[in-house]
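Listing of structure14.tsv; format and content: TSV, C-alpha atoms.
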chain	number	residue	atom	x	y	z
G	285	SER	CA	0.00	0.00	0.00
G	286	GLN	CA	1.09	3.56	-0.55
G	287	GLN	CA	2.86	4.82	2.52
G	288	GLY	CA	5.26	7.57	3.45
G	289	GLU	CA	8.05	6.33	5.67
G	290	GLU	CA	10.41	8.78	7.28
G	291	ASP	CA	14.04	8.24	8.02
G	292	PRO	CA	15.62	8.57	10.52
G	293	GLN	CA	13.07	7.85	13.24
G	294	ALA	CA	14.87	10.23	15.57
G	295	LEU	CA	17.44	12.95	15.03
G	296	SER	CA	19.29	15.04	17.58
G	297	ILE	CA	21.36	18.05	16.52
G	298	GLN	CA	22.87	21.21	17.93
G	299	GLU	CA	21.22	24.54	17.39
G	300	GLY	CA	22.51	26.15	14.22
G	301	GLU	CA	23.11	22.86	12.43
G	302	ASN	CA	21.09	21.67	9.48
G	303	ALA	CA	18.58	18.84	9.83
G	304	THR	CA	17.73	16.51	6.98
G	305	MET	CA	14.81	14.12	7.09
G	306	ASN	CA	13.92	11.67	4.36
G	307	CYS	CA	10.67	10.12	3.25
G	308	SER	CA	10.06	7.16	0.98
G	309	TYR	CA	6.81	5.98	-0.51
G	310	LYS	CA	5.64	3.08	-2.61
G	311	THR	CA	3.20	4.13	-5.31
G	312	SER	CA	2.82	7.03	-7.71
G	313	ILE	CA	1.67	10.24	-6.11
G	314	ASN	CA	-0.06	13.47	-7.00
G	315	ASN	CA	1.64	15.42	-4.27
G	316	LEU	CA	3.59	15.05	-1.04
G	317	GLN	CA	3.12	17.23	2.01
G	318	TRP	CA	5.30	17.75	5.06
G	319	TYR	CA	3.81	18.48	8.48
G	320	ARG	CA	5.20	19.34	11.89
G	321	GLN	CA	3.69	18.23	15.17
G	322	ASN	CA	4.73	19.52	18.53
G	323	SER	CA	4.16	17.03	21.32
G	324	GLY	CA	0.44	16.52	21.92
G	325	ARG	CA	-0.53	19.24	19.48
G	326	GLY	CA	-2.04	19.49	16.02
G	327	LEU	CA	-0.42	19.02	12.64
G	328	VAL	CA	1.01	22.16	11.12
G	329	HIS	CA	1.38	22.18	7.37
G	330	LEU	CA	4.87	23.09	6.17
G	331	ILE	CA	5.15	22.52	2.43
G	332	LEU	CA	3.29	20.82	-0.41
G	333	ILE	CA	5.29	19.63	-3.40
G	334	ARG	CA	3.57	18.33	-6.50
G	335	SER	CA	4.72	15.35	-8.50
G	336	ASN	CA	5.93	17.56	-11.35
G	337	GLU	CA	8.07	19.66	-9.02
G	338	ARG	CA	11.58	18.79	-7.91
G	339	GLU	CA	12.33	21.35	-5.24
G	340	LYS	CA	10.53	23.95	-3.14
G	341	HIS	CA	11.67	26.44	-0.57
G	342	SER	CA	9.89	28.14	2.29
G	343	GLY	CA	12.02	30.22	4.63
G	344	ARG	CA	14.53	27.88	6.25
G	345	LEU	CA	12.82	24.83	4.76
G	346	ARG	CA	13.83	23.12	1.55
G	347	VAL	CA	11.97	20.13	0.18
G	348	THR	CA	13.07	17.95	-2.69
G	349	LEU	CA	11.13	15.27	-4.52
G	350	ASP	CA	12.57	12.46	-6.63
G	351	THR	CA	9.69	10.57	-8.18
G	352	SER	CA	12.03	8.09	-9.87
G	353	LYS	CA	13.28	7.02	-6.44
G	354	LYS	CA	9.93	7.63	-4.77
G	355	SER	CA	11.56	9.74	-2.13
G	356	SER	CA	11.51	13.22	-0.66
G	357	SER	CA	13.70	15.09	1.75
G	358	LEU	CA	13.06	17.96	4.13
G	359	LEU	CA	16.01	20.15	5.02
G	360	ILE	CA	15.79	22.63	7.89
G	361	THR	CA	18.71	25.02	7.81
G	362	ALA	CA	20.17	26.85	10.80
G	363	SER	CA	17.98	24.90	13.20
G	364	ARG	CA	16.58	26.43	16.37
G	365	ALA	CA	15.41	24.90	19.62
G	366	ALA	CA	11.86	25.80	18.57
G	367	ASP	CA	12.18	23.42	15.62
G	368	THR	CA	12.07	20.53	18.09
G	369	ALA	CA	9.05	18.49	16.98
G	370	SER	CA	7.99	15.44	15.01
G	371	TYR	CA	8.00	15.81	11.26
G	372	PHE	CA	5.74	13.76	9.00
G	373	CYS	CA	5.51	13.31	5.29
G	374	ALA	CA	2.14	12.49	3.82
G	375	THR	CA	1.29	11.52	0.28
G	376	VAL	CA	-1.73	11.83	-1.97
G	377	ASN	CA	-1.86	9.45	-4.88
G	378	SER	CA	-3.19	10.09	-8.31
G	379	GLY	CA	-6.60	8.85	-7.39
G	380	ASN	CA	-7.42	11.75	-5.09
G	381	THR	CA	-7.27	9.58	-1.99
G	382	PRO	CA	-6.61	11.34	1.29
G	383	LEU	CA	-3.26	11.84	2.94
G	384	VAL	CA	-1.33	8.77	4.01
G	385	PHE	CA	1.12	9.53	6.78
G	386	GLY	CA	4.44	8.00	7.69
G	387	LYS	CA	5.58	7.35	11.24
G	388	GLY	CA	7.49	10.59	11.47
G	389	THR	CA	10.94	11.75	12.48
G	390	ARG	CA	11.41	13.11	15.98
G	391	LEU	CA	13.79	16.04	15.78
G	392	SER	CA	15.49	17.37	18.89
G	393	VAL	CA	17.43	20.61	18.56
G	394	ILE	CA	19.69	21.19	21.52
G	395	ALA	CA	20.47	24.78	22.49
K	792	GLU	CA	-4.90	33.07	9.16
K	793	PRO	CA	-8.03	30.90	8.92
K	794	GLU	CA	-7.89	27.75	10.96
K	795	VAL	CA	-9.76	24.55	11.67
K	796	THR	CA	-11.15	24.55	15.19
K	797	GLN	CA	-12.09	21.51	17.21
K	798	THR	CA	-14.00	20.92	20.42
K	799	PRO	CA	-13.57	19.57	22.97
K	800	SER	CA	-9.81	19.62	23.29
K	801	HIS	CA	-9.99	16.70	25.71
K	802	GLN	CA	-12.80	14.35	26.67
K	803	VAL	CA	-12.89	11.45	29.06
K	804	THR	CA	-15.72	9.00	28.59
K	805	GLN	CA	-16.85	5.69	29.99
K	806	MET	CA	-16.55	2.63	27.79
K	807	GLY	CA	-19.81	2.06	25.96
K	808	GLN	CA	-20.82	5.71	25.93
K	809	GLU	CA	-21.39	7.77	22.80
K	810	VAL	CA	-19.08	10.64	21.97
K	811	ILE	CA	-19.47	13.50	19.51
K	812	LEU	CA	-16.40	15.43	18.42
K	813	ARG	CA	-17.00	18.74	16.77
K	814	CYS	CA	-15.11	20.64	14.14
K	815	VAL	CA	-15.48	23.94	12.34
K	816	PRO	CA	-13.58	23.68	9.06
K	817	ILE	CA	-12.14	26.68	7.26
K	818	SER	CA	-15.08	28.57	5.81
K	819	ASN	CA	-14.48	28.31	2.06
K	820	HIS	CA	-13.32	24.70	2.18
K	821	LEU	CA	-15.46	21.96	0.74
K	822	TYR	CA	-13.53	18.81	1.60
K	823	PHE	CA	-13.51	17.59	5.19
K	824	TYR	CA	-11.63	14.80	6.89
K	825	TRP	CA	-11.23	12.99	10.16
K	826	TYR	CA	-7.95	11.37	11.13
K	827	ARG	CA	-6.85	9.80	14.37
K	828	GLN	CA	-3.53	9.24	16.09
K	829	ILE	CA	-3.19	6.66	18.82
K	830	LEU	CA	-0.51	7.71	21.29
K	831	GLY	CA	2.93	7.12	19.84
K	832	GLN	CA	1.62	5.86	16.51
K	833	LYS	CA	1.15	7.30	13.06
K	834	VAL	CA	-1.71	9.48	11.93
K	835	GLU	CA	-4.44	7.31	10.37
K	836	PHE	CA	-7.12	8.35	7.91
K	837	LEU	CA	-10.71	7.69	8.97
K	838	VAL	CA	-13.05	9.38	6.53
K	839	SER	CA	-13.38	12.10	3.94
K	840	PHE	CA	-16.57	14.04	3.24
K	841	TYR	CA	-17.62	16.11	0.25
K	842	ASN	CA	-20.91	17.43	-1.01
K	843	ASN	CA	-22.75	16.17	2.06
K	844	GLU	CA	-21.68	12.60	1.73
K	845	ILE	CA	-18.79	10.34	2.57
K	846	SER	CA	-16.37	10.21	-0.35
K	847	GLU	CA	-13.96	7.71	1.13
K	848	LYS	CA	-13.47	5.81	4.37
K	849	SER	CA	-10.86	3.50	5.82
K	850	GLU	CA	-11.27	0.09	7.39
K	851	ILE	CA	-11.14	1.77	10.80
K	852	PHE	CA	-14.32	3.69	10.02
K	853	ASP	CA	-16.81	0.94	10.74
K	854	ASP	CA	-20.46	1.10	11.82
K	855	GLN	CA	-19.39	2.47	15.17
K	856	PHE	CA	-18.49	5.75	13.50
K	857	SER	CA	-20.57	8.33	11.68
K	858	VAL	CA	-20.05	11.84	10.37
K	859	GLU	CA	-22.45	14.65	9.82
K	860	ARG	CA	-22.51	18.22	8.64
K	861	PRO	CA	-25.53	19.41	10.59
K	862	ASP	CA	-25.33	23.01	9.38
K	863	GLY	CA	-23.21	25.20	7.15
K	864	SER	CA	-20.26	25.39	9.50
K	865	ASN	CA	-19.92	22.30	11.71
K	866	PHE	CA	-18.60	18.87	10.88
K	867	THR	CA	-19.00	16.19	13.53
K	868	LEU	CA	-17.65	12.73	14.23
K	869	LYS	CA	-19.84	10.46	16.33
K	870	ILE	CA	-18.45	7.36	17.98
K	871	ARG	CA	-21.13	5.03	19.28
K	872	SER	CA	-20.45	2.67	22.15
K	873	THR	CA	-16.83	3.67	22.68
K	874	LYS	CA	-14.16	1.07	23.34
K	875	LEU	CA	-10.88	1.36	25.18
K	876	GLU	CA	-9.00	1.17	21.89
K	877	ASP	CA	-10.82	4.28	20.63
K	878	SER	CA	-8.60	6.33	22.94
K	879	ALA	CA	-6.67	8.58	20.60
K	880	MET	CA	-6.22	12.11	19.33
K	881	TYR	CA	-8.83	12.81	16.66
K	882	PHE	CA	-7.95	15.41	14.06
K	883	CYS	CA	-10.36	17.22	11.82
K	884	ALA	CA	-9.02	18.63	8.57
K	885	SER	CA	-10.31	20.54	5.58
K	886	SER	CA	-9.14	21.59	2.15
K	887	GLU	CA	-10.22	23.82	-0.69
K	888	PRO	CA	-12.18	22.63	-3.70
K	889	GLY	CA	-9.98	20.19	-5.52
K	890	GLY	CA	-9.34	18.29	-2.30
K	891	GLY	CA	-6.51	15.86	-2.46
K	892	LEU	CA	-5.74	16.72	-6.06
K	893	GLY	CA	-3.04	19.06	-4.95
K	894	ASN	CA	-4.38	21.39	-2.30
K	895	THR	CA	-3.05	21.78	1.18
K	896	ILE	CA	-5.00	19.95	3.86
K	897	TYR	CA	-5.24	21.97	7.05
K	898	PHE	CA	-5.59	20.29	10.41
K	899	GLY	CA	-7.12	21.34	13.68
K	900	GLU	CA	-5.43	21.04	17.05
K	901	GLY	CA	-7.17	17.77	17.74
K	902	SER	CA	-9.55	16.34	20.31
K	903	TRP	CA	-7.93	13.98	22.75
K	904	LEU	CA	-10.37	11.19	23.63
K	905	THR	CA	-9.73	8.97	26.62
K	906	VAL	CA	-12.01	5.98	27.09
K	907	VAL	CA	-11.95	4.49	30.60
Show how you would write the structure in this file as structure tokens.
Amino acid sequence: SQQGEEDPQALSIQEGENATMNCSYKTSINNLQWYRQNSGRGLVHLILIRSNEREKHSGRLRVTLDTSKKSSSLLITASRAADTASYFCATVNSGNTPLVFGKGTRLSVIA
Amino acid sequence: EPEVTQTPSHQVTQMGQEVILRCVPISNHLYFYWYRQILGQKVEFLVSFYNNEISEKSEIFDDQFSVERPDGSNFTLKIRSTKLEDSAMYFCASSEPGGGLGNTIYFGEGSWLTVV
């Protein structure tokens, strides 16, 4: 089944460093979306990248998409303690089915 | 910025009781969703709703669950005869016309349901 799976499951870095999280999926997609979730809170949308796009930027966030490898990456540059959260990728396939989430990457940014 | 709002933020209920979780989607959105997240697990799709009917549902969304749009602004999830394993965070979400065809899906803060 189509599924976004993030890698690594957990990542701990120092403030100011860059954080890279990867996502792999199994079937063709229409788009892929990245979300952030602070502990016990809601899902905050970060970026949507469509299947015909290869890279998108939003502030300190950079997302890439490689449909040939069925993978995406989320790069957070110059990380801050406030970036500490879980990050999820979620995919929508060509059939307009709803988001399918991966298990997420827990990012800890140490001040 | 417009947002999806959910109530209650936390509800504790006895096993076997009925629960209604409420959501106010973003006003110009036409697609609505419910997802749930059991503690420590991934976010799971329950149901999507468009044009006053269910457009898709997962295996989780069995006869115990129902959704309704009782008026022009609210979108509710009813869980009949709750079970211990229904304890989870329930997220409501909405998106613009075009739904999952490429539009951002916005989530609420969630309703944390504890069944005891």
Pick out the chain G residues within 12 Å of chain K. Count all atoms listed in the file. Give them as a PyMOL selection string. chain G and resi 287-290+293+313-337+370-390
Residue nearest Arg860 (chain K) among K:Val795, K:Leu821, K:Val803, K:Leu875 (counting only C-alpha atoms):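 Counting only C-alpha atoms, the residue closest to Arg860 (chain K) is K:Leu821.
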List the neighbours of region 296-303 of chain G out to 10 Å using all atoms listed in the file; skip same-chain residues closer than 4 positions along the sequence, and give me the result as an mmCIF file with C-alpha atoms, in the frame of the given file.
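That gives us part_27.cif:
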data_model
loop_
_atom_site.group_PDB
_atom_site.id
_atom_site.type_symbol
_atom_site.label_atom_id
_atom_site.label_comp_id
_atom_site.auth_asym_id
_atom_site.auth_seq_id
_atom_site.Cartn_x
_atom_site.Cartn_y
_atom_site.Cartn_z
ATOM 1 C CA ARG G 344 14.530 27.880 6.250
ATOM 2 C CA LEU G 345 12.820 24.830 4.760
ATOM 3 C CA LEU G 358 13.060 17.960 4.130
ATOM 4 C CA LEU G 359 16.010 20.150 5.020
ATOM 5 C CA ILE G 360 15.790 22.630 7.890
ATOM 6 C CA THR G 361 18.710 25.020 7.810
ATOM 7 C CA ALA G 362 20.170 26.850 10.800
ATOM 8 C CA SER G 363 17.980 24.900 13.200
ATOM 9 C CA ARG G 364 16.580 26.430 16.370
ATOM 10 C CA ALA G 365 15.410 24.900 19.620
ATOM 11 C CA ALA G 366 11.860 25.800 18.570
ATOM 12 C CA ASP G 367 12.180 23.420 15.620
ATOM 13 C CA THR G 368 12.070 20.530 18.090
ATOM 14 C CA ARG G 390 11.410 13.110 15.980
ATOM 15 C CA LEU G 391 13.790 16.040 15.780
ATOM 16 C CA SER G 392 15.490 17.370 18.890
ATOM 17 C CA VAL G 393 17.430 20.610 18.560
ATOM 18 C CA ILE G 394 19.690 21.190 21.520
ATOM 19 C CA ALA G 395 20.470 24.780 22.490
#
One number please: CA of Glu844 (chain K) to CA of Cys814 (chain K), in Å, one decimal.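 Computing it gives 16.2 Å between the two atoms.
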I'd like the neighbourhood of Val858 (chain K) as a VMD selection string, where a residue qualifies if any of its atoms comes within 7 Å (using only C-alpha atoms), though same-chain residues fewer than 2 positions away should be ignored. chain K and resid 867 to 869
Interatomic distance (Å, one decimal) between CA of Phe840 (chain K) and CA of Gln802 (chain K):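 Calculated distance between CA of Phe840 (chain K) and CA of Gln802 (chain K) is 23.7 Å.
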Pick from K:Glu859, K:Glu794, K:Ile845, K:Ile829 nearest to Thr905 (chain K), counting only C-alpha atoms: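 Closest to Thr905 (chain K), using only C-alpha atoms: K:Ile829.
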Write out as a ChimeraX atom specification the residues lying within 10 Å of Gln808 (chain K), counting all atoms listed in the file and excluding same-chain residues fewer than 6 positions away. /K:870-874,906
Selection above as a file: C-alpha atoms, as an mmCIF file, in the coordinates of the input:
data_model
loop_
_atom_site.group_PDB
_atom_site.id
_atom_site.type_symbol
_atom_site.label_atom_id
_atom_site.label_comp_id
_atom_site.auth_asym_id
_atom_site.auth_seq_id
_atom_site.Cartn_x
_atom_site.Cartn_y
_atom_site.Cartn_z
ATOM 1 C CA ILE K 870 -18.450 7.360 17.980
ATOM 2 C CA ARG K 871 -21.130 5.030 19.280
ATOM 3 C CA SER K 872 -20.450 2.670 22.150
ATOM 4 C CA THR K 873 -16.830 3.670 22.680
ATOM 5 C CA LYS K 874 -14.160 1.070 23.340
ATOM 6 C CA VAL K 906 -12.010 5.980 27.090
#
May I ask for the distance between CA of Asp291 (chain G) and CA of Trp825 (chain K), given in Å to one decimal place?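 Between these atoms lies a distance of 25.8 Å.
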Given the block above, output region 809-822 of chain K with all heavy atoms as a JSON list (two decimals), in the first residue's frame.
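Generated file (part_35.json):
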[["chain", "number", "residue", "atom", "x", "y", "z"],
["K", 809, "GLU", "N", -21.50, 7.11, 24.11],
["K", 809, "GLU", "CA", -21.39, 7.77, 22.80],
["K", 809, "GLU", "C", -20.65, 9.08, 22.95],
["K", 809, "GLU", "O", -20.79, 9.78, 23.96],
["K", 809, "GLU", "CB", -22.79, 8.02, 22.25],
["K", 809, "GLU", "CG", -22.82, 8.77, 20.92],
["K", 809, "GLU", "CD", -24.24, 9.02, 20.47],
["K", 809, "GLU", "OE1", -24.88, 8.08, 19.96],
["K", 809, "GLU", "OE2", -24.72, 10.17, 20.62],
["K", 810, "VAL", "N", -19.85, 9.40, 21.96],
["K", 810, "VAL", "CA", -19.08, 10.64, 21.97],
["K", 810, "VAL", "C", -19.29, 11.37, 20.65],
["K", 810, "VAL", "O", -19.34, 10.75, 19.59],
["K", 810, "VAL", "CB", -17.58, 10.33, 22.15],
["K", 810, "VAL", "CG1", -16.71, 11.51, 21.78],
["K", 810, "VAL", "CG2", -17.27, 9.90, 23.58],
["K", 811, "ILE", "N", -19.42, 12.68, 20.72],
["K", 811, "ILE", "CA", -19.47, 13.50, 19.51],
["K", 811, "ILE", "C", -18.33, 14.50, 19.57],
["K", 811, "ILE", "O", -18.22, 15.28, 20.52],
["K", 811, "ILE", "CB", -20.82, 14.24, 19.38],
["K", 811, "ILE", "CG1", -21.96, 13.22, 19.24],
["K", 811, "ILE", "CG2", -20.79, 15.18, 18.16],
["K", 811, "ILE", "CD1", -23.33, 13.86, 19.18],
["K", 812, "LEU", "N", -17.50, 14.47, 18.56],
["K", 812, "LEU", "CA", -16.40, 15.43, 18.42],
["K", 812, "LEU", "C", -16.80, 16.43, 17.35],
["K", 812, "LEU", "O", -17.27, 16.05, 16.28],
["K", 812, "LEU", "CB", -15.11, 14.70, 18.04],
["K", 812, "LEU", "CG", -14.70, 13.56, 18.98],
["K", 812, "LEU", "CD1", -13.42, 12.89, 18.48],
["K", 812, "LEU", "CD2", -14.52, 14.06, 20.40],
["K", 813, "ARG", "N", -16.54, 17.68, 17.66],
["K", 813, "ARG", "CA", -17.00, 18.74, 16.77],
["K", 813, "ARG", "C", -15.85, 19.48, 16.12],
["K", 813, "ARG", "O", -14.79, 19.64, 16.70],
["K", 813, "ARG", "CB", -17.88, 19.71, 17.54],
["K", 813, "ARG", "CG", -19.21, 19.09, 17.97],
["K", 813, "ARG", "CD", -20.11, 20.06, 18.70],
["K", 813, "ARG", "NE", -21.46, 19.53, 18.80],
["K", 813, "ARG", "CZ", -21.85, 18.62, 19.69],
["K", 813, "ARG", "NH1", -20.99, 18.15, 20.56],
["K", 813, "ARG", "NH2", -23.10, 18.18, 19.71],
["K", 814, "CYS", "N", -16.13, 19.96, 14.92],
["K", 814, "CYS", "CA", -15.11, 20.64, 14.14],
["K", 814, "CYS", "C", -15.77, 21.76, 13.34],
["K", 814, "CYS", "O", -16.90, 21.61, 12.86],
["K", 814, "CYS", "CB", -14.47, 19.62, 13.18],
["K", 814, "CYS", "SG", -13.40, 20.32, 11.90],
["K", 815, "VAL", "N", -15.07, 22.88, 13.25],
["K", 815, "VAL", "CA", -15.48, 23.94, 12.34],
["K", 815, "VAL", "C", -14.37, 24.07, 11.30],
["K", 815, "VAL", "O", -13.29, 24.59, 11.60],
["K", 815, "VAL", "CB", -15.71, 25.27, 13.07],
["K", 815, "VAL", "CG1", -16.12, 26.35, 12.06],
["K", 815, "VAL", "CG2", -16.78, 25.11, 14.14],
["K", 816, "PRO", "N", -14.61, 23.58, 10.09],
["K", 816, "PRO", "CA", -13.58, 23.68, 9.06],
["K", 816, "PRO", "C", -13.39, 25.13, 8.61],
["K", 816, "PRO", "O", -14.18, 26.01, 8.96],
["K", 816, "PRO", "CB", -14.14, 22.83, 7.92],
["K", 816, "PRO", "CG", -15.21, 22.00, 8.54],
["K", 816, "PRO", "CD", -15.77, 22.82, 9.65],
["K", 817, "ILE", "N", -12.37, 25.36, 7.84],
["K", 817, "ILE", "CA", -12.14, 26.68, 7.26],
["K", 817, "ILE", "C", -13.29, 27.00, 6.32],
["K", 817, "ILE", "O", -13.72, 26.15, 5.53],
["K", 817, "ILE", "CB", -10.78, 26.73, 6.55],
["K", 817, "ILE", "CG1", -9.67, 26.53, 7.60],
["K", 817, "ILE", "CG2", -10.58, 28.04, 5.79],
["K", 817, "ILE", "CD1", -8.28, 26.37, 7.04],
["K", 818, "SER", "N", -13.76, 28.25, 6.36],
["K", 818, "SER", "CA", -15.08, 28.57, 5.81],
["K", 818, "SER", "C", -15.26, 28.31, 4.33],
["K", 818, "SER", "O", -16.32, 27.91, 3.90],
["K", 818, "SER", "CB", -15.42, 30.04, 6.12],
["K", 818, "SER", "OG", -14.47, 30.89, 5.51],
["K", 819, "ASN", "N", -14.28, 28.51, 3.49],
["K", 819, "ASN", "CA", -14.48, 28.31, 2.06],
["K", 819, "ASN", "C", -14.07, 26.92, 1.60],
["K", 819, "ASN", "O", -14.05, 26.63, 0.40],
["K", 819, "ASN", "CB", -13.74, 29.37, 1.26],
["K", 819, "ASN", "CG", -12.23, 29.24, 1.42],
["K", 819, "ASN", "OD1", -11.76, 28.84, 2.47],
["K", 819, "ASN", "ND2", -11.49, 29.59, 0.39],
["K", 820, "HIS", "N", -13.75, 26.05, 2.55],
["K", 820, "HIS", "CA", -13.32, 24.70, 2.18],
["K", 820, "HIS", "C", -14.53, 23.81, 1.97],
["K", 820, "HIS", "O", -15.57, 23.98, 2.60],
["K", 820, "HIS", "CB", -12.42, 24.11, 3.27],
["K", 820, "HIS", "CG", -11.05, 24.72, 3.28],
["K", 820, "HIS", "ND1", -10.06, 24.25, 4.11],
["K", 820, "HIS", "CD2", -10.52, 25.74, 2.56],
["K", 820, "HIS", "CE1", -8.95, 24.97, 3.89],
["K", 820, "HIS", "NE2", -9.22, 25.88, 2.97],
["K", 821, "LEU", "N", -14.36, 22.85, 1.08],
["K", 821, "LEU", "CA", -15.46, 21.96, 0.74],
["K", 821, "LEU", "C", -15.18, 20.50, 1.03],
["K", 821, "LEU", "O", -16.08, 19.67, 1.01],
["K", 821, "LEU", "CB", -15.83, 22.11, -0.75],
["K", 821, "LEU", "CG", -16.32, 23.49, -1.19],
["K", 821, "LEU", "CD1", -16.63, 23.47, -2.67],
["K", 821, "LEU", "CD2", -17.56, 23.90, -0.39],
["K", 822, "TYR", "N", -13.91, 20.18, 1.27],
["K", 822, "TYR", "CA", -13.53, 18.81, 1.60],
["K", 822, "TYR", "C", -13.22, 18.75, 3.09],
["K", 822, "TYR", "O", -12.45, 19.57, 3.59],
["K", 822, "TYR", "CB", -12.31, 18.36, 0.79],
["K", 822, "TYR", "CG", -12.62, 18.06, -0.65],
["K", 822, "TYR", "CD1", -12.74, 19.08, -1.58],
["K", 822, "TYR", "CD2", -12.80, 16.74, -1.07],
["K", 822, "TYR", "CE1", -13.03, 18.80, -2.90],
["K", 822, "TYR", "CE2", -13.09, 16.45, -2.39],
["K", 822, "TYR", "CZ", -13.20, 17.49, -3.31],
["K", 822, "TYR", "OH", -13.49, 17.21, -4.61]]
